[in-house]
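This report concerns only the one structure given below.
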Amino acid sequence: MPDTIAALARRLAKLDRRVTALERARRAPYPPWRDVPLTGDTSVADPAQPPQMRANLWDTLEFSGRIGLPGGRAEDETVIGVLPDGYWPAVPRTVPVASDAARRALHLDIDPKGQLILRVQDGGSVRATWLSLDSASCRIDGDDE
């Protein structure tokens, strides 16, 4: 009897792997990346890494690329971009971003109107020439959905 249970468990595990592979194959492709509309004097820091975003199938907004900051400074509460309609979160979101700023963390606040607002730890400004959006993401839907 134990051999039969073990054989059955192996067959079941093999079947589970096949089902997982089929589900992956049938999954819809990810949507294409779109450029993030920048505001003010912000720019594309590296043409090989333009700031881009996409909303995936799980209501998650994903970001990629780099944004150049004007004057080599990150100013607190500066609007650096505006997301197009359909990409606005239902509630305000905050995402951490990487930069070349020394000893001060930078974040992006994304409001329900789609504004990307740069936030500097403890306010004020800090020397920084770029922001990296790579791996930054947030939910688009509300907390209660």
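Residues in the structure tokens are numbered from 1 in each chain, the chains being A, B, ... in the order shown, and ligands are numbered from 1 in the order shown.
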
- as a count of residues only, please: all residues of chain A that backbone DSSP puts in strand (DSSP E). 51

- Message: Going by DSSP on the backbone, which residues of range 25-97 of chain A come out as helix (DSSP H, G or I)? List them as a ChimeraX atom specification.
- Response: /A:25-26,70-72

Show me, as a tab-separated table, the residues of range 15-71 of chain A having an atom within 10 Å of range 104-122 of chain A, each with the closest atom pair and its distance in Å, using only C-alpha atoms.
residue	atom	partner	partner_atom	distance
A:Val36	CA	A:Leu116	CA	9.8
A:Pro37	CA	A:Leu116	CA	9.9
A:Leu38	CA	A:Leu116	CA	9.0
A:Thr39	CA	A:Leu116	CA	9.4
